[in-house]
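Visitor: One file is attached below, final05.cif, containing mmCIF, C-alpha atoms.
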```
data_protein
loop_
_atom_site.label_atom_id
_atom_site.label_comp_id
_atom_site.auth_asym_id
_atom_site.auth_seq_id
_atom_site.Cartn_x
_atom_site.Cartn_y
_atom_site.Cartn_z
CA MET A 1 13.11 -84.19 -2.18
CA GLN A 2 16.30 -82.83 -3.70
CA GLU A 3 19.22 -85.02 -4.54
CA TYR A 4 21.61 -85.33 -1.64
CA ALA A 5 24.49 -84.27 -3.91
CA LYS A 6 22.87 -80.87 -4.37
CA LEU A 7 22.28 -80.54 -0.65
CA THR A 8 25.91 -81.46 -0.01
CA ALA A 9 26.99 -78.63 -2.30
CA VAL A 10 24.71 -76.24 -0.41
CA ALA A 11 26.19 -77.45 2.88
CA THR A 12 29.70 -76.75 1.61
CA ARG A 13 28.70 -73.21 0.63
CA LEU A 14 27.24 -72.68 4.10
CA ARG A 15 30.52 -73.78 5.64
CA ARG A 16 32.43 -71.35 3.42
CA HIS A 17 30.10 -68.55 4.50
CA ILE A 18 30.62 -69.43 8.17
CA VAL A 19 34.40 -69.34 7.87
CA SER A 20 34.36 -66.09 5.88
CA MET A 21 31.95 -64.35 8.26
CA VAL A 22 33.79 -65.25 11.44
CA ALA A 23 37.18 -64.48 9.93
CA GLU A 24 36.01 -61.08 8.64
CA ALA A 25 34.58 -60.20 12.04
CA SER A 26 37.56 -61.67 13.93
CA SER A 27 34.89 -62.91 16.30
CA GLY A 28 32.23 -65.59 16.50
CA HIS A 29 31.56 -69.26 17.11
CA PRO A 30 32.64 -71.42 14.16
CA GLY A 31 32.82 -74.86 15.82
CA GLY A 32 29.18 -75.33 16.73
CA SER A 33 28.02 -73.56 13.59
CA LEU A 34 29.91 -75.99 11.36
CA SER A 35 28.56 -79.01 13.24
CA ALA A 36 24.95 -78.02 12.54
CA VAL A 37 25.28 -77.35 8.80
CA GLU A 38 23.58 -80.50 7.49
CA ILE A 39 20.66 -80.06 9.87
CA LEU A 40 19.96 -76.50 8.74
CA THR A 41 20.58 -77.38 5.10
CA ALA A 42 17.98 -80.14 5.25
CA LEU A 43 15.49 -77.89 7.04
CA TYR A 44 15.81 -74.72 4.97
CA PHE A 45 16.37 -76.29 1.56
CA ASP A 46 13.85 -79.11 1.68
CA ILE A 47 11.87 -79.81 4.82
CA MET A 48 10.56 -76.49 6.11
CA ARG A 49 7.73 -74.55 4.53
CA VAL A 50 9.17 -71.04 4.20
CA ASP A 51 8.99 -68.22 1.67
CA ASN A 52 11.94 -65.83 1.42
CA THR A 53 9.70 -63.18 -0.15
CA ARG A 54 7.40 -63.31 2.89
CA PRO A 55 9.60 -63.70 5.98
CA THR A 56 6.64 -63.28 8.35
CA TRP A 57 4.18 -65.42 6.36
CA SER A 58 1.66 -66.69 8.89
CA GLN A 59 1.61 -70.23 7.46
CA ARG A 60 5.39 -70.77 7.52
CA ASP A 61 7.11 -73.38 9.61
CA LEU A 62 9.21 -71.90 12.42
CA PHE A 63 12.80 -72.40 13.48
CA VAL A 64 14.31 -71.54 16.86
CA LEU A 65 18.09 -71.48 17.19
CA SER A 66 18.24 -72.09 20.92
CA LYS A 67 22.05 -72.12 20.90
CA GLY A 68 22.06 -68.58 19.58
CA HIS A 69 25.83 -68.21 19.50
CA ALA A 70 25.75 -70.47 16.41
CA SER A 71 24.14 -67.63 14.49
CA PRO A 72 26.63 -67.91 11.58
CA VAL A 73 25.01 -71.15 10.38
CA LEU A 74 21.53 -69.61 10.53
CA TYR A 75 22.60 -66.45 8.71
CA ALA A 76 24.40 -68.51 6.07
CA ALA A 77 21.28 -70.63 5.49
CA LEU A 78 19.00 -67.60 5.31
CA ALA A 79 21.27 -65.83 2.84
CA GLU A 80 21.58 -68.89 0.60
CA ARG A 81 17.79 -69.29 0.80
CA GLY A 82 17.36 -65.71 -0.44
CA PHE A 83 16.12 -63.88 2.64
CA PHE A 84 18.85 -61.26 2.15
CA ASP A 85 21.89 -60.74 -0.09
CA GLN A 86 24.85 -62.98 0.57
CA GLU A 87 27.17 -59.97 0.51
CA GLU A 88 25.56 -58.87 3.78
CA LEU A 89 27.09 -61.87 5.54
CA LEU A 90 30.42 -60.06 5.72
CA THR A 91 28.84 -57.42 7.95
CA PHE A 92 28.51 -60.06 10.68
CA ARG A 93 28.97 -58.57 14.18
CA LYS A 94 29.76 -55.11 12.83
CA ILE A 95 28.22 -51.92 14.21
CA ASP A 96 24.72 -51.31 12.79
CA SER A 97 24.68 -54.68 11.02
CA ARG A 98 21.47 -56.71 10.94
CA LEU A 99 23.62 -59.78 11.60
CA GLN A 100 24.68 -59.55 15.20
CA GLY A 101 26.40 -62.23 17.27
CA HIS A 102 23.05 -63.64 18.36
CA PRO A 103 19.99 -63.60 16.09
CA ASP A 104 17.36 -60.90 16.52
CA ARG A 105 13.92 -61.41 14.99
CA LYS A 106 13.35 -57.64 14.85
CA LEU A 107 16.50 -57.07 12.82
CA THR A 108 17.02 -59.98 10.48
CA PRO A 109 14.59 -61.27 7.81
CA GLY A 110 13.84 -64.94 8.34
CA VAL A 111 14.79 -65.08 12.03
CA ASP A 112 11.79 -66.41 13.95
CA MET A 113 13.13 -66.08 17.50
CA THR A 114 15.62 -63.81 19.19
CA SER A 115 17.99 -66.06 21.11
CA GLY A 116 21.28 -65.98 22.94
CA SER A 117 20.78 -66.77 26.61
CA LEU A 118 21.14 -70.53 26.62
CA GLY A 119 18.32 -72.81 27.70
CA GLN A 120 15.38 -70.68 26.57
CA GLY A 121 14.73 -71.84 23.01
CA LEU A 122 12.56 -74.85 23.75
CA SER A 123 10.32 -72.76 25.99
CA ALA A 124 9.81 -70.31 23.12
CA ALA A 125 9.20 -73.17 20.69
CA ASN A 126 6.55 -74.56 23.03
CA GLY A 127 4.73 -71.24 23.00
CA MET A 128 4.81 -71.10 19.21
CA ALA A 129 3.59 -74.69 18.92
CA LEU A 130 0.78 -74.21 21.43
CA ALA A 131 -0.33 -71.03 19.67
CA ALA A 132 -0.39 -72.88 16.35
CA LYS A 133 -2.64 -75.56 17.84
CA LEU A 134 -4.97 -72.99 19.40
CA ASP A 135 -5.18 -71.16 16.06
CA GLU A 136 -5.62 -74.49 14.23
CA HIS A 137 -2.62 -73.75 12.02
CA GLU A 138 -0.81 -76.74 10.59
CA ARG A 139 2.76 -75.63 11.11
CA TRP A 140 5.85 -77.31 12.51
CA VAL A 141 8.18 -75.73 15.03
CA TYR A 142 11.80 -76.88 14.84
CA VAL A 143 14.34 -76.07 17.53
CA LEU A 144 18.09 -76.65 17.60
CA LEU A 145 19.60 -77.28 21.02
CA GLY A 146 23.27 -77.55 21.93
CA ASP A 147 24.40 -80.51 23.99
CA GLY A 148 26.12 -78.28 26.54
CA GLU A 149 22.95 -76.24 26.66
CA LEU A 150 21.15 -79.27 28.07
CA GLN A 151 22.97 -78.57 31.32
CA GLU A 152 20.44 -75.74 31.78
CA GLY A 153 17.53 -76.70 34.00
CA GLN A 154 15.05 -74.66 31.99
CA VAL A 155 15.48 -77.06 29.06
CA TRP A 156 14.05 -79.89 31.15
CA GLU A 157 11.22 -77.75 32.51
CA ALA A 158 10.36 -77.00 28.89
CA ALA A 159 10.67 -80.68 27.99
CA MET A 160 8.04 -81.50 30.59
CA THR A 161 5.80 -78.77 29.18
CA SER A 162 6.12 -80.09 25.61
CA ALA A 163 5.02 -83.54 26.69
CA HIS A 164 2.31 -82.34 29.08
CA TYR A 165 0.57 -80.38 26.33
CA LYS A 166 1.18 -83.12 23.76
CA LEU A 167 2.98 -80.73 21.42
CA ASP A 168 3.50 -83.14 18.56
CA ASN A 169 4.23 -80.19 16.27
CA VAL A 170 7.55 -79.62 18.08
CA ILE A 171 10.61 -81.32 16.59
CA ALA A 172 13.85 -80.67 18.45
CA PHE A 173 17.35 -81.45 17.26
CA VAL A 174 20.24 -81.84 19.69
CA ASP A 175 23.59 -80.95 18.12
CA TYR A 176 25.48 -83.62 20.07
CA ASN A 177 29.15 -82.89 19.31
CA ASN A 178 30.23 -83.44 22.98
CA LEU A 179 32.28 -80.23 23.12
CA GLN A 180 31.54 -76.90 24.78
CA ILE A 181 33.67 -73.88 25.58
CA ASP A 182 35.30 -75.50 28.62
CA GLY A 183 35.96 -78.88 27.05
CA GLU A 184 34.10 -82.17 26.70
CA VAL A 185 30.45 -82.03 27.73
CA SER A 186 30.87 -85.37 29.45
CA SER A 187 33.60 -83.86 31.65
CA VAL A 188 32.09 -80.44 32.32
CA MET A 189 28.65 -81.77 33.26
CA GLU A 190 27.50 -85.08 31.82
CA VAL A 191 24.12 -84.98 30.08
CA ALA A 192 23.97 -88.63 29.02
CA PRO A 193 22.01 -90.84 28.70
CA LEU A 194 20.06 -88.35 26.58
CA ALA A 195 17.77 -90.81 24.84
CA ASP A 196 16.67 -92.34 28.12
CA LYS A 197 16.11 -88.95 29.71
CA PHE A 198 13.95 -87.62 26.90
CA ARG A 199 11.94 -90.85 26.81
CA ALA A 200 11.38 -90.55 30.55
CA PHE A 201 10.06 -87.03 29.96
CA GLY A 202 7.51 -88.38 27.47
CA TRP A 203 9.25 -87.61 24.16
CA HIS A 204 9.53 -89.60 20.95
CA VAL A 205 13.28 -90.13 20.57
CA GLN A 206 15.61 -90.95 17.69
CA GLU A 207 19.40 -91.01 17.45
CA ILE A 208 21.14 -90.33 14.15
CA ASP A 209 24.34 -89.25 12.43
CA GLY A 210 23.76 -85.51 12.15
CA HIS A 211 25.87 -85.22 9.00
CA ASP A 212 23.91 -87.85 7.04
CA PHE A 213 21.10 -86.34 4.99
CA ALA A 214 19.32 -89.66 4.53
CA GLN A 215 19.16 -90.14 8.28
CA ILE A 216 18.00 -86.57 8.89
CA PHE A 217 15.13 -86.86 6.41
CA ALA A 218 14.07 -90.29 7.68
CA ALA A 219 14.10 -89.05 11.27
CA VAL A 220 11.96 -86.01 10.49
CA THR A 221 9.47 -88.22 8.64
CA LEU A 222 9.13 -90.50 11.66
CA ALA A 223 8.93 -87.51 14.01
CA LYS A 224 5.95 -86.16 12.09
CA GLU A 225 4.20 -89.49 12.51
CA ALA A 226 4.61 -89.49 16.31
CA THR A 227 1.20 -88.14 17.23
CA GLY A 228 0.47 -86.99 20.76
CA GLN A 229 4.05 -86.35 21.84
CA PRO A 230 6.95 -84.04 20.96
CA SER A 231 9.94 -85.46 19.11
CA VAL A 232 13.66 -85.09 19.64
CA ILE A 233 16.34 -86.10 17.16
CA ILE A 234 19.67 -86.58 18.91
CA ALA A 235 22.20 -85.88 16.17
CA ARG A 236 25.76 -87.05 16.68
CA THR A 237 27.96 -84.43 15.05
CA VAL A 238 31.57 -83.26 14.81
CA LYS A 239 32.48 -79.87 16.19
CA GLY A 240 34.13 -77.83 13.42
CA LYS A 241 33.01 -80.33 10.75
CA GLY A 242 34.64 -79.77 7.36
CA VAL A 243 37.70 -77.83 8.52
CA SER A 244 40.52 -80.21 9.40
CA TYR A 245 42.18 -78.17 12.13
CA MET A 246 38.85 -77.30 13.79
CA GLU A 247 37.32 -80.76 13.93
CA ASN A 248 36.81 -82.09 17.48
CA GLN A 249 38.72 -79.15 18.97
CA ALA A 250 37.00 -77.34 21.83
CA GLY A 251 39.26 -74.33 21.29
CA TRP A 252 37.31 -73.48 18.13
CA HIS A 253 34.05 -73.14 20.03
CA GLY A 254 34.36 -69.35 20.11
CA SER A 255 37.61 -68.47 18.31
CA ALA A 256 37.97 -66.84 14.90
CA PRO A 257 40.53 -68.04 12.34
CA ASN A 258 43.24 -65.60 11.31
CA PRO A 259 43.57 -64.76 7.60
CA GLU A 260 45.96 -67.63 6.89
CA GLN A 261 43.79 -70.14 8.74
CA ALA A 262 40.71 -68.86 6.95
CA GLN A 263 42.37 -69.34 3.57
CA GLN A 264 43.31 -72.90 4.49
CA ALA A 265 39.73 -73.62 5.54
CA LEU A 266 38.29 -72.15 2.35
CA LYS A 267 40.74 -74.21 0.32
CA GLU A 268 39.53 -77.35 2.07
CA LEU A 269 35.95 -76.30 1.37
CA GLU A 270 36.28 -75.66 -2.35
CA VAL A 271 33.13 -76.56 -4.25
CA ASP A 272 32.26 -76.79 -7.92
CA GLN A 273 30.69 -73.41 -8.66
CA ASP A 274 28.32 -75.08 -11.11
CA ASP A 275 26.64 -76.99 -8.27
#
```
Would you mind writing the file out in structure tokens?
Guide:
Amino acid sequence: MQEYAKLTAVATRLRRHIVSMVAEASSGHPGGSLSAVEILTALYFDIMRVDNTRPTWSQRDLFVLSKGHASPVLYAALAERGFFDQEELLTFRKIDSRLQGHPDRKLTPGVDMTSGSLGQGLSAANGMALAAKLDEHERWVYVLLGDGELQEGQVWEAAMTSAHYKLDNVIAFVDYNNLQIDGEVSSVMEVAPLADKFRAFGWHVQEIDGHDFAQIFAAVTLAKEATGQPSVIIARTVKGKGVSYMENQAGWHGSAPNPEQAQQALKELEVDQDD
């Protein structure tokens, strides 16, 4: 396992990429991308078995970004991991770019599932996990769900399916920042108590600080030991994490910073280039 200091430096670079991409495109979803940075950093730079030289390697672990509008964090992680050149990030959302607003597995190296319509990712992850069991492949399927996305009924249908088929190779993260485009999740449509609900659906449940690498790694380790049932890691996060004026502000769910705001954010996210 890498030192957390190195992972923290990677996370900072991902945040810089996110800000730069969305600012260049004048479009995108920075808030929920920034809140998921530590989760994707831990997965792509330590936990997951992937090979950037073989994006479709049959033995790789799989990742489903169910909240597909947070594509900037996935693209940033893939670029830093070497799936494509980092310079390509600035083509985000442009005509003919491989990096569209929602990830497309047919366009972008390293993307395992096309996503965008909310609520569908866990269903897709279930199919991948069931196929892996039928093929006797030892692979893990990770899925990132938004908290507002849990207002979709299909998520809970999929949650029943995961438990019914004992898909213990499914590990779901909930990016629980309590903000969605219309405001606080608890005001728009309350999803709590999440831990109790997932337990009632037959899941192994953990609750963590989603910005703490030690807690993320420990939770994944325990999730892999939970045989016979799927696992969910409910990660408390901060929308817009790392950019002072975006933190805990629902208005930055789907708004792009202007050039001056982008420069301020990048200044706040300066990192030692030797890291």
Visitor: Take the PyMOL selection byres ((chain A and resi 63-70) around 8), run it mentally on this structure, and tell me the resulting residues as a ChimeraX atom specification.
Guide: /A:28-30,32-33,61-62,71-74,101-103,111-113,115-122,124-125,141-146,149
Visitor: Hey, what comes out of the PyMOL selection byres ((chain A and resi 53) around 12) on this file? Could you write it as a PyMOL selection string?
Guide: chain A and resi 50-52+54-57+60+78+81-84+109-110
Visitor: One number please: CA of Gly228 (chain A) to CA of Asp168 (chain A), in Å, one decimal.
Guide: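 These atoms are spaced 5.4 Å apart.
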Visitor: Would you work out the distance separating CA of Lys133 (chain A) from CA of Thr161 (chain A), expressed in Å to one decimal?
Guide: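 Answer for the CA of Lys133 (chain A) to CA of Thr161 (chain A) separation: 14.5 Å.
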Visitor: What do you get, as an mmCIF file with C-alpha atoms, in the frame of the given file, if you spell out every residue that the PyMOL selection byres ((chain A and resi 250) around 9) selects here?
Guide:
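Final file, expr.cif:
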```
data_model
loop_
_atom_site.group_PDB
_atom_site.id
_atom_site.type_symbol
_atom_site.label_atom_id
_atom_site.label_comp_id
_atom_site.auth_asym_id
_atom_site.auth_seq_id
_atom_site.Cartn_x
_atom_site.Cartn_y
_atom_site.Cartn_z
ATOM 1 C CA GLY A 31 32.820 -74.860 15.820
ATOM 2 C CA LEU A 179 32.280 -80.230 23.120
ATOM 3 C CA GLN A 180 31.540 -76.900 24.780
ATOM 4 C CA ILE A 181 33.670 -73.880 25.580
ATOM 5 C CA ASP A 182 35.300 -75.500 28.620
ATOM 6 C CA GLY A 183 35.960 -78.880 27.050
ATOM 7 C CA GLU A 184 34.100 -82.170 26.700
ATOM 8 C CA LYS A 239 32.480 -79.870 16.190
ATOM 9 C CA GLY A 240 34.130 -77.830 13.420
ATOM 10 C CA MET A 246 38.850 -77.300 13.790
ATOM 11 C CA GLU A 247 37.320 -80.760 13.930
ATOM 12 C CA ASN A 248 36.810 -82.090 17.480
ATOM 13 C CA GLN A 249 38.720 -79.150 18.970
ATOM 14 C CA GLY A 251 39.260 -74.330 21.290
ATOM 15 C CA TRP A 252 37.310 -73.480 18.130
ATOM 16 C CA HIS A 253 34.050 -73.140 20.030
ATOM 17 C CA GLY A 254 34.360 -69.350 20.110
#
```
Visitor: Do you know which residues are at most 12 Å from Ser231 (chain A) counting all atoms listed in the file, after dropping those on the same chain fewer than 2 positions away, and could you put them as a VMD selection string?
Guide: chain A and resid 122 140 to 143 159 162 to 163 166 to 174 195 198 to 199 201 to 207 219 to 229 233 to 234
Visitor: Using CA of Gln261 (chain A) and CA of Val243 (chain A) as the two end points, give the distance in Å to one decimal.
Guide: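 Between CA of Gln261 (chain A) and CA of Val243 (chain A) the gap works out to 9.8 Å.
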Visitor: Find the residues around His17 (chain A) up to 9 Å (all atoms listed in the file counted), leave out those fewer than 6 positions away in its own chain, and share them as JSON, numbers by chain.
Guide: {"A": [72, 73, 75, 76, 86, 89, 90]}
Visitor: Point out the residue among A:Ile47, A:Val37, A:Ala23, A:Val188 with the least atom-to-atom distance to Asp212 (chain A), counting all atoms listed in the file.
Guide: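 Closest candidate: A:Val37.
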Visitor: Between A:Leu40, A:Ser26, A:Ala200, A:Glu138, single out the one closest to Arg93 (chain A), counting all atoms listed in the file.
Guide: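 Result for the nearest residue to Arg93 (chain A): A:Ser26.
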Visitor: Pick from A:Val191, A:Ile216, A:Leu130, A:Ile95: nearest to Ala25 (chain A), with all atoms listed in the file counted?
Guide: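 Looking only at the distances to Ala25 (chain A), the closest residue turns out to be A:Ile95.
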Visitor: Given only C-alpha atoms as the basis, pick out the residue of A:Met21, A:Thr108, A:Gly153, A:Pro193 nearest to Asp96 (chain A).
Guide: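 Among the listed residues, A:Thr108 lies closest to Asp96 (chain A).
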Visitor: Could you check the closest approach to Ala36 (chain A) for each of A:Glu270, A:Glu190, A:Asp209, A:Glu157 and tell me which residue wins, using only C-alpha atoms?
Guide: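 Closest to Ala36 (chain A) of all the choices is A:Asp209.
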Visitor: From the list A:Tyr165, A:Trp156, A:Phe213, A:Tyr176, which residue is nearest Phe45 (chain A) when using all atoms listed in the file?
Guide: A:Phe213
Visitor: If you keep N, CA and C atoms, can you output region 27-45 of chain A as a compact mmCIF listing (two decimals), in the first residue's frame?
Guide:
```
# COMPACT_ATOMS: atom_id res chain seq x y z
N SER A 27 -18.63 24.16 -18.59
CA SER A 27 -19.75 23.26 -18.38
C SER A 27 -19.27 22.04 -17.60
N GLY A 28 -20.16 21.48 -16.79
CA GLY A 28 -19.80 20.27 -16.07
C GLY A 28 -20.29 20.30 -14.64
N HIS A 29 -19.89 19.28 -13.89
CA HIS A 29 -20.35 19.09 -12.52
C HIS A 29 -19.16 18.98 -11.57
N PRO A 30 -18.65 20.11 -11.08
CA PRO A 30 -17.47 20.05 -10.22
C PRO A 30 -17.74 19.57 -8.80
N GLY A 31 -18.89 19.95 -8.21
CA GLY A 31 -19.13 19.68 -6.80
C GLY A 31 -19.04 18.22 -6.42
N GLY A 32 -19.81 17.39 -7.11
CA GLY A 32 -19.82 15.96 -6.81
C GLY A 32 -18.65 15.20 -7.37
N SER A 33 -17.89 15.84 -8.25
CA SER A 33 -16.62 15.23 -8.69
C SER A 33 -15.57 15.42 -7.62
N LEU A 34 -15.50 16.63 -7.06
CA LEU A 34 -14.51 16.91 -6.03
C LEU A 34 -14.76 16.11 -4.76
N SER A 35 -16.02 15.82 -4.45
CA SER A 35 -16.30 15.08 -3.22
C SER A 35 -15.87 13.62 -3.29
N ALA A 36 -15.72 13.09 -4.50
CA ALA A 36 -15.40 11.67 -4.67
C ALA A 36 -13.92 11.41 -4.94
N VAL A 37 -13.08 12.43 -4.86
CA VAL A 37 -11.68 12.31 -5.27
C VAL A 37 -10.93 11.24 -4.47
N GLU A 38 -11.03 11.26 -3.14
CA GLU A 38 -10.27 10.29 -2.35
C GLU A 38 -10.70 8.86 -2.65
N ILE A 39 -11.99 8.66 -2.88
CA ILE A 39 -12.48 7.32 -3.18
C ILE A 39 -11.84 6.81 -4.47
N LEU A 40 -11.88 7.62 -5.53
CA LEU A 40 -11.31 7.16 -6.80
C LEU A 40 -9.79 7.07 -6.75
N THR A 41 -9.16 7.95 -5.98
CA THR A 41 -7.71 7.87 -5.83
C THR A 41 -7.33 6.54 -5.18
N ALA A 42 -8.00 6.18 -4.11
CA ALA A 42 -7.71 4.92 -3.43
C ALA A 42 -7.94 3.73 -4.36
N LEU A 43 -9.04 3.76 -5.11
CA LEU A 43 -9.35 2.65 -5.99
C LEU A 43 -8.35 2.51 -7.12
N TYR A 44 -8.12 3.59 -7.86
CA TYR A 44 -7.31 3.49 -9.08
C TYR A 44 -5.80 3.49 -8.83
N PHE A 45 -5.38 3.96 -7.67
CA PHE A 45 -3.94 4.04 -7.43
C PHE A 45 -3.45 3.07 -6.37
```
